[in-house]
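Visitor: mmCIF, C-alpha atoms, saved as data-v8.cif, coming up:
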data_model
loop_
_atom_site.label_atom_id
_atom_site.label_comp_id
_atom_site.auth_asym_id
_atom_site.auth_seq_id
_atom_site.Cartn_x
_atom_site.Cartn_y
_atom_site.Cartn_z
CA MET A 97 86.83 23.40 93.56
CA GLY A 98 87.31 23.09 97.34
CA ILE A 99 90.66 24.89 97.20
CA ARG A 100 89.16 27.62 95.05
CA ILE A 101 86.29 28.20 97.50
CA ALA A 102 88.59 28.11 100.53
CA THR A 103 90.94 30.63 98.92
CA ALA A 104 88.00 32.92 98.11
CA ILE A 105 86.78 32.82 101.72
CA VAL A 106 90.24 33.62 103.11
CA LEU A 107 90.65 36.46 100.61
CA LEU A 108 87.27 37.90 101.54
CA ILE A 109 88.19 37.93 105.23
CA LEU A 110 91.57 39.56 104.54
CA VAL A 111 90.04 42.21 102.28
CA CYS A 112 87.38 43.07 104.87
CA PHE A 113 90.07 43.44 107.53
CA TRP A 114 92.21 45.51 105.15
CA LEU A 115 89.32 47.86 104.34
CA PHE A 116 87.33 48.16 107.56
CA VAL A 117 89.66 47.29 110.45
CA ALA A 118 93.16 48.39 109.45
CA ASP A 119 93.98 52.06 109.88
CA TYR A 120 95.20 54.11 106.93
CA PRO A 121 98.96 53.39 107.31
CA ILE A 122 98.25 49.63 107.37
CA PHE A 123 95.90 50.03 104.40
CA THR A 124 98.71 51.82 102.55
CA MET A 125 101.09 48.95 103.30
CA GLY A 126 98.48 46.50 101.98
CA ALA A 127 98.05 48.56 98.81
CA LEU A 128 101.83 48.58 98.34
CA PHE A 129 101.90 44.81 98.80
CA ILE A 130 99.29 44.39 96.06
CA TYR A 131 101.24 46.80 93.86
CA MET A 132 104.60 45.06 94.32
CA VAL A 133 103.18 41.55 93.84
CA ALA A 134 101.52 42.76 90.65
CA ALA A 135 104.85 44.24 89.52
CA TYR A 136 106.59 40.94 90.34
CA GLU A 137 104.09 39.07 88.17
CA MET A 138 104.13 41.66 85.41
CA ALA A 139 107.90 41.52 84.82
CA PRO A 140 107.83 38.29 82.72
CA LEU A 141 104.82 39.61 80.77
CA LEU A 142 106.91 42.62 79.81
CA GLY A 143 109.67 40.37 78.50
CA PHE A 144 112.07 40.50 81.47
CA LYS A 145 113.99 37.29 82.12
CA SER A 146 114.76 38.49 85.64
CA ARG A 147 112.05 40.11 87.72
CA ILE A 148 114.49 42.27 89.69
CA PRO A 149 114.93 45.17 87.20
CA PHE A 150 111.21 45.88 86.88
CA LEU A 151 110.64 45.37 90.62
CA PHE A 152 113.30 48.00 91.22
CA LEU A 153 111.62 50.38 88.77
CA ALA A 154 108.26 49.77 90.44
CA MET A 155 109.74 50.48 93.87
CA LEU A 156 111.42 53.63 92.55
CA GLY A 157 108.13 54.74 90.98
CA SER A 158 106.15 54.33 94.20
CA VAL A 159 108.80 56.07 96.30
CA THR A 160 108.90 59.00 93.86
CA THR A 161 105.13 59.48 93.90
CA PHE A 162 105.09 59.21 97.70
CA LEU A 163 107.76 61.91 97.96
CA VAL A 164 105.76 64.20 95.67
CA ALA A 165 102.45 63.39 97.33
CA PRO A 166 102.82 61.80 100.81
CA PRO A 167 99.79 59.53 101.48
CA GLY A 168 99.61 60.81 105.05
CA LEU A 169 98.22 64.05 103.68
CA TYR A 170 95.40 62.30 101.83
CA ILE A 171 93.39 61.60 104.96
CA GLU A 172 93.56 65.31 105.79
CA GLY A 173 92.02 66.13 102.42
CA GLU A 174 95.29 67.52 101.06
CA ILE A 175 95.73 65.61 97.81
CA PRO A 176 98.04 67.57 95.46
CA SER A 177 96.50 68.48 92.11
CA VAL A 178 99.67 67.22 90.41
CA LEU A 179 98.70 63.71 91.52
CA TYR A 180 95.36 63.90 89.73
CA LYS A 181 97.16 65.25 86.66
CA PHE A 182 99.59 62.33 86.77
CA ILE A 183 96.74 59.82 87.01
CA GLY A 184 94.98 61.51 84.09
CA ILE A 185 98.06 61.61 81.88
CA ALA A 186 99.00 58.04 82.78
CA SER A 187 95.50 56.86 81.86
CA ILE A 188 96.36 57.61 78.23
CA VAL A 189 98.18 54.25 78.23
CA TRP A 190 94.78 52.53 78.00
CA PHE A 191 93.94 54.51 74.86
CA ILE A 192 97.33 53.62 73.40
CA ALA A 193 96.56 49.96 74.13
CA LEU A 194 93.62 49.96 71.71
CA PRO A 195 95.63 49.92 68.45
CA LEU A 196 98.03 47.38 70.00
CA LEU A 197 95.11 45.08 70.79
CA LYS A 198 93.63 45.48 67.32
CA SER A 199 96.94 44.77 65.58
CA TYR A 200 97.67 41.61 67.62
CA PRO A 201 99.07 39.14 66.62
CA LYS A 202 100.37 40.74 63.40
CA ASN A 203 102.22 43.48 65.24
CA THR A 204 104.16 42.52 68.36
CA ALA A 205 107.49 44.13 67.48
CA TRP A 206 106.90 46.87 70.08
CA HIS A 207 107.06 44.23 72.82
CA LYS A 208 110.78 43.69 72.19
CA ASN A 209 111.62 47.14 73.58
CA LYS A 210 112.19 46.82 77.34
CA ILE A 211 112.10 50.59 77.89
CA THR A 212 108.71 50.91 76.21
CA ASN A 213 107.39 47.92 78.12
CA SER A 214 108.66 49.29 81.44
CA ILE A 215 106.93 52.61 80.86
CA ILE A 216 103.70 50.84 79.91
CA GLY A 217 103.92 48.62 83.01
CA LEU A 218 104.50 51.53 85.39
CA LEU A 219 101.69 53.56 83.84
CA MET A 220 99.39 50.58 84.39
CA LEU A 221 100.38 50.02 88.03
CA LEU A 222 101.18 53.40 89.62
CA PRO A 223 97.82 55.13 88.94
CA PHE A 224 95.99 52.10 90.34
CA LEU A 225 98.03 52.30 93.56
CA GLN A 226 97.37 56.01 93.93
CA CYS A 227 93.65 55.65 93.21
CA LEU A 228 93.34 53.03 95.93
CA LEU A 229 94.89 55.45 98.42
CA ILE A 230 92.85 58.44 97.24
CA LEU A 231 89.52 56.60 97.37
CA ARG A 232 90.24 55.06 100.78
CA ALA A 233 91.14 58.48 102.21
CA GLU A 234 87.69 59.86 101.34
CA ASN A 235 86.25 61.71 104.36
CA TYR A 236 88.62 59.71 106.58
CA MET A 237 88.83 62.17 109.47
CA ALA A 238 85.04 62.25 109.89
CA ASP A 239 84.19 58.62 109.12
CA LYS A 240 86.89 56.01 108.56
CA ASN A 241 84.49 53.68 106.74
CA THR A 242 83.43 56.16 104.04
CA GLY A 243 86.49 55.43 101.93
CA ALA A 244 86.24 51.70 102.51
CA TYR A 245 82.73 51.64 101.07
CA LEU A 246 83.87 53.89 98.22
CA VAL A 247 86.67 51.49 97.26
CA ILE A 248 84.20 48.60 97.24
CA ALA A 249 81.65 50.62 95.24
CA VAL A 250 84.19 51.44 92.52
CA MET A 251 85.63 47.93 92.41
CA ALA A 252 82.11 46.48 92.31
CA LEU A 253 81.57 48.13 88.93
CA VAL A 254 84.02 45.59 87.51
CA TRP A 255 82.49 42.71 89.45
CA PHE A 256 79.01 43.55 88.18
CA ALA A 257 80.36 43.99 84.65
CA ASP A 258 82.13 40.61 84.75
CA SER A 259 78.97 38.85 85.93
CA GLY A 260 76.74 40.58 83.40
CA ALA A 261 79.19 39.88 80.59
CA TYR A 262 79.37 36.19 81.51
CA PHE A 263 75.62 35.60 81.46
CA ALA A 264 74.86 37.87 78.51
CA GLY A 265 77.74 36.37 76.55
CA ARG A 266 76.56 32.82 77.16
CA ALA A 267 72.95 33.65 76.31
CA PHE A 268 73.35 36.04 73.39
CA GLY A 269 77.03 36.12 72.43
CA LYS A 270 77.55 36.05 68.65
CA HIS A 271 79.87 38.89 67.69
CA LYS A 272 83.44 38.38 68.87
CA MET A 273 85.18 41.40 70.37
CA LEU A 274 88.87 40.57 69.75
CA GLU A 275 89.00 36.87 69.03
CA ASN A 276 92.79 36.72 68.69
CA VAL A 277 93.23 38.15 72.18
CA SER A 278 90.28 36.65 74.04
CA PRO A 279 88.15 34.16 72.05
CA LYS A 280 85.28 34.09 74.57
CA LYS A 281 84.61 37.83 74.83
CA THR A 282 81.71 39.13 72.75
CA MET A 283 80.10 42.50 72.12
CA GLU A 284 76.85 41.17 73.57
CA GLY A 285 78.74 40.30 76.74
CA LEU A 286 80.10 43.84 76.89
CA TYR A 287 76.61 45.32 76.60
CA GLY A 288 75.24 42.95 79.22
CA GLY A 289 78.09 43.74 81.58
CA LEU A 290 77.64 47.46 81.07
CA ALA A 291 73.90 47.24 81.77
CA LEU A 292 74.28 45.23 84.99
CA ALA A 293 77.14 47.43 86.21
CA VAL A 294 75.12 50.62 85.71
CA ILE A 295 72.23 49.04 87.63
CA GLY A 296 74.66 48.13 90.40
CA LEU A 297 76.04 51.67 90.38
CA LEU A 298 72.54 53.12 90.83
CA ILE A 299 71.81 50.73 93.71
CA PHE A 300 75.06 51.62 95.47
CA ALA A 301 74.40 55.32 94.84
CA LYS A 302 70.99 54.95 96.48
CA TYR A 303 72.84 54.09 99.69
CA ASP A 304 75.36 56.94 99.24
CA LEU A 305 78.32 54.60 98.87
CA TYR A 306 79.99 56.85 96.29
CA ALA A 307 80.41 59.64 98.88
CA SER A 308 81.50 62.95 97.32
CA TYR A 309 81.35 61.42 93.84
CA GLN A 310 77.57 61.64 94.18
CA ASN A 311 77.76 65.43 94.20
CA ASN A 312 77.27 65.17 90.44
CA ILE A 313 75.21 62.06 89.74
CA THR A 314 75.34 62.55 85.96
CA ALA A 315 79.13 62.66 86.01
CA LEU A 316 79.13 59.59 88.28
CA ILE A 317 77.01 57.54 85.87
CA ILE A 318 79.02 58.60 82.81
CA ALA A 319 82.36 58.04 84.56
CA GLY A 320 81.19 54.67 85.83
CA SER A 321 80.11 53.61 82.34
CA ILE A 322 83.40 54.69 80.79
CA SER A 323 85.41 52.88 83.46
CA ILE A 324 83.42 49.69 82.84
CA VAL A 325 84.32 49.76 79.14
CA PHE A 326 87.99 50.33 79.97
CA SER A 327 87.95 47.55 82.55
CA VAL A 328 87.47 45.20 79.61
CA ILE A 329 90.49 46.76 77.93
CA GLY A 330 92.51 46.18 81.10
CA ASP A 331 91.62 42.50 81.02
CA LEU A 332 92.39 42.26 77.29
CA VAL A 333 95.79 43.92 77.69
CA GLU A 334 96.88 41.35 80.26
CA SER A 335 95.57 38.56 78.01
CA MET A 336 97.58 39.98 75.10
CA PHE A 337 100.77 40.14 77.17
CA LYS A 338 100.28 36.56 78.35
CA ARG A 339 99.75 35.35 74.78
CA ILE A 340 102.84 37.16 73.51
CA VAL A 341 105.11 35.52 76.10
CA GLY A 342 103.20 32.22 76.27
CA ILE A 343 102.10 32.36 79.91
CA LYS A 344 98.71 31.02 81.03
CA ASP A 345 98.44 32.55 84.53
CA SER A 346 100.31 35.61 85.77
CA GLY A 347 101.12 33.85 89.04
CA LYS A 348 100.12 31.26 91.65
CA ILE A 349 99.78 33.36 94.79
CA PHE A 350 96.08 32.49 95.10
CA PRO A 351 95.50 28.71 94.90
CA GLY A 352 92.74 28.01 92.41
CA HIS A 353 92.59 31.66 91.34
CA GLY A 354 95.95 32.33 89.69
CA GLY A 355 98.00 35.45 90.33
CA MET A 356 97.45 38.96 91.63
CA LEU A 357 97.32 40.41 88.11
CA ASP A 358 94.64 37.90 87.16
CA ARG A 359 92.50 39.36 89.94
CA ILE A 360 93.14 43.07 89.39
CA ASP A 361 93.85 43.42 85.64
CA SER A 362 90.46 45.05 85.01
CA GLN A 363 90.81 47.28 88.06
CA LEU A 364 94.14 48.62 86.81
CA ALA A 365 92.25 50.43 84.06
CA ALA A 366 88.87 50.95 85.74
CA MET A 367 90.03 52.90 88.80
CA PRO A 368 92.20 55.57 87.12
CA ILE A 369 89.68 56.02 84.31
CA PHE A 370 86.85 56.37 86.84
CA VAL A 371 88.65 59.02 88.90
CA THR A 372 89.93 60.96 85.88
CA SER A 373 86.72 60.88 83.85
CA TYR A 374 84.62 61.88 86.86
CA LEU A 375 86.78 64.93 87.58
CA LEU A 376 86.80 66.00 83.94
CA ILE A 377 83.08 65.46 83.36
CA SER A 378 81.99 67.06 86.64
CA GLU A 379 84.09 70.11 85.76
CA VAL A 380 82.45 70.36 82.34
CA LEU A 381 78.96 69.96 83.80
CA ALA A 382 79.57 72.33 86.71
#
What's the structure tokens form of this structure?

Guide:
Amino acid sequence: MGIRIATAIVLLILVCFWLFVADYPIFTMGALFIYMVAAYEMAPLLGFKSRIPFLFLAMLGSVTTFLVAPPGLYIEGEIPSVLYKFIGIASIVWFIALPLLKSYPKNTAWHKNKITNSIIGLLMLLPFLQCLLILRAENYMADKNTGAYLVIAVMALVWFADSGAYFAGRAFGKHKMLENVSPKKTMEGLYGGLALAVIGLLIFAKYDLYASYQNNITALIIAGSISIVFSVIGDLVESMFKRIVGIKDSGKIFPGHGGMLDRIDSQLAAMPIFVTSYLLISEVLA
């Protein structure tokens, strides 16, 4: 327990420095570090015996997106529309994951195809990386902390949801969600997590932490709710991969806490879904 607490404290300090002290180039390097560590841990989950091939693909993917949309432009408010389109299209992977989750463990034949797995892995990781950079760049030239608070506000949706799901699941959990993938997750936990996360969203919105995303509060609430639901799918997908290959933790980079993927699996789905659904819904409601 002592190691777990000590690791959490160190992580908190590093994250605060990364968000509020480091300038945007250093933040970008930190985001890339998270991305590449996650790719390193994901390789065995995708069925690769050597991590190098998928690490190379992940590096190639990040370089390609940076060439198309240089992050240095983000802080100037010049985020190419093609980047948002890529994030939206890539988010489809989380919808595709639903039938795979439901058919587990009867259907795992798809996991034997390295090309399919590589595409799935990149579509899980790349949008998350880009969303981190987009959110952090929010209003950067006027106030460098606006984006930092925005990143926390979006990530906090998952933290609230996890806490609400834990307590609601323990108190009222009866109906299993996907027992073969995650035996402890229940529908009651999902509802409890959703309720607490929406309350957290409203509290954060009261203090204007969602920046320009508060221009349409209805779209914000709907997008936040959708992203919370998909955060659960993100967690379930990693659990399914780990069960298929027989791995308990994705890594050991954080003593007492497991690997990078264990910490961000829900965020991989939540962030791209949040950004995409907000843009689509706000456009419809405009």

Visitor: If the PyMOL selection byres ((chain A and resi 220-230) around 6) is run on the structure shown, which residues does it catch, given as a list in words?

Guide: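 Applied to this file, the PyMOL selection byres ((chain A and resi 220-230) around 6) returns Ile183, Gly217, Leu218, Leu219, Leu231, Arg232, Ala233, Leu364 and Pro368 of chain A.
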
Visitor: Between atom CA of A:Gly330 and atom CA of A:Thr160, what is the distance in Å, rounded to a tenth?

Guide: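 So the answer is 24.4 Å.
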
Visitor: With distances taken over all atoms listed in the file, which of A:Phe150, A:Tyr262, A:Tyr287, A:Phe123 is nearest to A:Ile215?

Guide: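 With all atoms listed in the file as the atom set, the closest residue is A:Phe150.
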
Visitor: Pick the closest to A:Phe191 from A:Val178, A:Ile340, A:Ile216, A:Ala252: which is it, counting all atoms listed in the file?

Guide: A:Ile216

Visitor: Excluding same-chain residues fewer than 5 positions from A:Ala205, what lies within 12 Å of it counting only C-alpha atoms, as a ChimeraX atom specification?

Guide: /A:143,196,199-200,210,212-213,340

Visitor: Got a sec: who's within 8 Å of A:Ser278, counting all atoms listed in the file, leaving out chain neighbours fewer than 3 positions off, as a count of residues only?

Guide: 6

Visitor: Apply the PyMOL selection byres ((chain A and resi 350) around 12) to the displayed file and report the matching residues as a list in words.

Guide: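 Evaluating the PyMOL selection byres ((chain A and resi 350) around 12) on this file yields Ile99, Arg100, Ile101, Ala102, Thr103, Ala104, Ile105, Val106, Leu107, Val133, Asp345, Ser346, Gly347, Lys348, Ile349, Pro351, Gly352, His353, Gly354, Gly355, Met356, Leu357, Asp358 and Arg359 of chain A.
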
Visitor: Using only C-alpha atoms, can you tell me which of A:Met283, A:Ile130, A:Leu163, A:Val333 comes closest to A:Ile192?

Guide: A:Val333

Visitor: So the first atom is atom CA of A:Ala261 and the second is atom CA of A:Leu194; what is the distance between them in Å, to one decimal place?

Guide: 19.7 Å

Visitor: Find, counting all atoms listed in the file, the residue in A:Ala365, A:Ala301, A:Leu179, A:Val341 that gets nearest to A:Met138.

Guide: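 Among A:Ala365, A:Ala301, A:Leu179, A:Val341, it is A:Val341 that comes nearest to A:Met138.
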
Visitor: Take atom CA of A:Tyr245 and atom CA of A:Ala315 and report the distance between them in Å, one decimal.

Guide: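 Value for the atom CA of A:Tyr245-atom CA of A:Ala315 distance: 19.0 Å.
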
Visitor: Which residue is closest to A:Leu316? Choose from A:Lys280, A:Phe337, A:Thr242, A:Val250 and count only C-alpha atoms.

Guide: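 Among the listed residues, the smallest separation from A:Leu316 belongs to A:Val250.
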
Visitor: What would the selection look like, as a list in words, if the PyMOL selection byres ((chain A and resi 144) around 12) were run on the coordinates I just shared?

Guide: Ala135, Tyr136, Glu137, Met138, Ala139, Pro140, Leu141, Leu142, Gly143, Lys145, Ser146, Arg147, Ile148, Pro149, Phe150, Leu151, His207, Lys208, Asn209, Lys210, Ile211, Asn213, Ser214, Gly217 and Val341 of chain A

Visitor: Which protein, DNA or RNA residues are at most 6 Å from (91.5, 63.8, 102.7) in the file's coordinates when you count all atoms listed in the file, listed as a tab-separated table (two decimals) with C-alpha atoms, keeping the file's coordinate frame?

Guide:
chain	number	residue	atom	x	y	z
A	170	TYR	CA	95.40	62.30	101.83
A	171	ILE	CA	93.39	61.60	104.96
A	172	GLU	CA	93.56	65.31	105.79
A	173	GLY	CA	92.02	66.13	102.42
A	174	GLU	CA	95.29	67.52	101.06
A	233	ALA	CA	91.14	58.48	102.21
A	234	GLU	CA	87.69	59.86	101.34
A	235	ASN	CA	86.25	61.71	104.36

Visitor: Please determine, counting all atoms listed in the file, which residue among A:Met367, A:Val117, A:Leu156, A:Ile324 has the shortest atom-to-atom distance to A:Ile248.

Guide: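 Closest candidate: A:Met367.
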
Visitor: Just want the 12 Å neighbourhood of A:Asp304, counted on only C-alpha atoms, with same-chain residues fewer than 6 positions away dropped. Output as a list in words.

Guide: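 Here the qualifying residues turn out to be Thr242, Gly243, Tyr245, Leu246, Ala249, Leu297, Leu298, Gln310, Asn311, Ile313 and Leu316 of chain A.
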
Visitor: What's the 8 Å shell around A:Asp331, counting all atoms listed in the file, without same-chain residues fewer than 3 positions away, as a list in words?

Guide: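 Answer for this query is Ser327, Val328, Glu334, Ser335, Asp361 and Ser362 of chain A.
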